[in-house]
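Step one of this worksheet: look at the structure below.
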Amino acid sequence: MSPQFVDFDADGDLDLVAGTYDGSPHLARRDGDGFLQPEQILDAEGVRIVLHQYWDHDVSKWTESSRGDLPGEPAVQGHGTSAIAFDDDGDGDLDLLLGDHKSGHVYRRENRGTAKTPAYARGNERVLADGKPIDVPGTVATLRLVDWDQDGRQDLLFGSMGDVYGEAAGGGVFWCRNVGDGKAARFGPLQTLVAPSPKGHTEAVRPDAGLYPEAADVDGDGDLDLVVGGYSLWTPPSRALNATEQQRVATIRSDLQALDAELEKLNQVAQAVFTEVRDEEEANKRYTAAFQAQKKERDQLRERREPLETELANLVPAKQRRAFVWLYENTTKR
Amino acid sequence: MRSPLVALLLFATQLPAQTATAPTFAPPVRVQADGKDLGTSRLYPSPVLHDTNGDGLADLLIGDLRGRITVALRLPGAGLPRFAKETKLLAKDGDELDFANW
């Protein structure tokens, strides 16, 4: 999600625009002293704006659309989970920039209507930086507008996902300077503000993956600081185990594997309906029933598993993953 | 002697170099509200700063994967920010503002 306060419909108050995980930008209009519940932002033909993958609320499943592909351009394979309204072409109305959660690309939907009555094009145009499609390392978690170099032009700020669960590089924070003429935006090369996390920490020291930055002068010293949401990943330091403890670790791991095998058997029994029943709706209904019928057995497995996991974590520290919000205080002027 | 135009052009070509210096940041610190770490019970917390109550201070709003937003009002005082306890951002209908999600 990427909440942005912006006067979307040029009526003098600040609305909320946000890309969400369902793959589309949404708008919560400000109406007097409060916000109306959000609505999807539609294109000029009244069709939902997506990059490619999206959650179809009508049939409750992930779906794909190529409707936004442009002739002669590579097909877009993305999943647009972040969005900002921005007058990218300097014509006085707000276009939409969409960040791709599955790649490092950013796409534009041009507003061919007016500031008060937007009419968004159906095509997803790639946004360029330094003459090439923007390619944020680690895929786009979110994008923001900020005049980072304080030259009067809105620059682009990005947070990247990185490897959220594994050992590969984490996310970082980047920006592209707006080198346009003050009206139409044109972006320079991607520059790093916070390098992608190398991970490998023994405590939570920074946001390592799924970085969502905001830039503002929060300490009032005249420069822009970063406030960054994200997951910290760390493994507490381990200690040397004696022979008895090592044997206990082996036993616990073996017991956990046996519990996993029992759980897998339950899963196979429940999932068997998908091969036995062709009708999807009926299969889902029977799967849910089969799953619920296993509740007692699943609860018992969980009760047996929890103390073993706790004991193992005390002997061999487990990987930790937790979300925080961090402040990076800008110290450049010191 | 350079003409004013040449001098201006030379100055202009130096601008990218002036801004190319990478900024430096202090080691990050966790942001808290009412003494508690922010973001810990959220999926993919996404902060945005905005003065929601018109007191001239930028409050900290946090969106998340589920499509909900919380508000932590900034407390008066200079230096690093302090925030009050988070509350849910409500819509005009009195319900929690809900960015429909999957």
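Residue numbering restarts at 1 for every chain of the structure tokens, chains are lettered A, B, ... in their displayed order, and ligands are numbered from 1 as they appear.
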
I'd like a table as CSV: residues in chain A with an atom no more than 6 Å from chain B, each row giving the shortest atom pair and its distance in Å to one decimal, only C-alpha atoms counted, sorted by chain and rising residue number.
```
residue,atom,partner,partner_atom,distance
A:Met1,CA,B:Asp64,CA,5.7
A:Asp22,CA,B:Trp102,CA,5.0
A:Gly34,CA,B:Lys92,CA,4.6
A:Phe35,CA,B:Ala91,CA,4.9
A:Leu36,CA,B:Ala91,CA,5.7
A:Gln37,CA,B:Leu97,CA,5.9
A:Pro38,CA,B:Phe99,CA,5.6
A:Trp55,CA,B:Trp102,CA,5.7
A:Tyr212,CA,B:Ser46,CA,5.1
A:Glu214,CA,B:Val48,CA,5.8
A:Asp219,CA,B:Gly79,CA,4.7
A:Gly229,CA,B:Pro45,CA,5.1
A:Ala323,CA,B:Thr40,CA,4.9
A:Phe324,CA,B:Gly39,CA,4.5
A:Val325,CA,B:Val31,CA,5.5
A:Trp326,CA,B:Arg30,CA,4.4
A:Leu327,CA,B:Pro28,CA,5.3
A:Tyr328,CA,B:Pro28,CA,4.7
A:Glu329,CA,B:Phe25,CA,5.3
A:Asn330,CA,B:Phe25,CA,4.5
A:Thr331,CA,B:Phe25,CA,5.1
A:Thr332,CA,B:Thr24,CA,4.9
```

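Within 10 Å of segment 294-301 of chain A there are Leu256, Leu259, Asp260, Glu262, Leu263, Leu266, Asn267, Val269, Ala270, Ala289, Ala290, Phe291, Arg304, Arg305 and Glu306 of chain A, counting only C-alpha atoms and ignoring same-chain residues fewer than 3 positions away.
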
query: How would you write, as a PyMOL selection string, the set of residues in segment 27-192 of chain A that DSSP gives as strand (DSSP E)?
result: chain A and resi 27-28+30-31+34-35+39-40+53-56+61-64+80-86+95-100+106-109+125-126+128-129+132-133+140-146+155-160+173-178+187-192

task: Skip Tyr231 of chain A itself and residues of its chain fewer than 4 positions away, then list as a PyMOL selection string all residues within 6 Å of it, counting only C-alpha atoms.
output: chain A and resi 207-209+322-323

query: So which residues touch Ser65 of chain A within 8 Å, counting only C-alpha atoms, skipping near sequence neighbours fewer than 3 positions away, as a list in words?
result: Val50, Leu51, His52, Gln53, Tyr54 and Gly68 of chain A

query: Between atom CA of Arg144 of chain A and atom CA of Leu73 of chain B, what is the distance, to one decimal in Å?
result: 21.4 Å
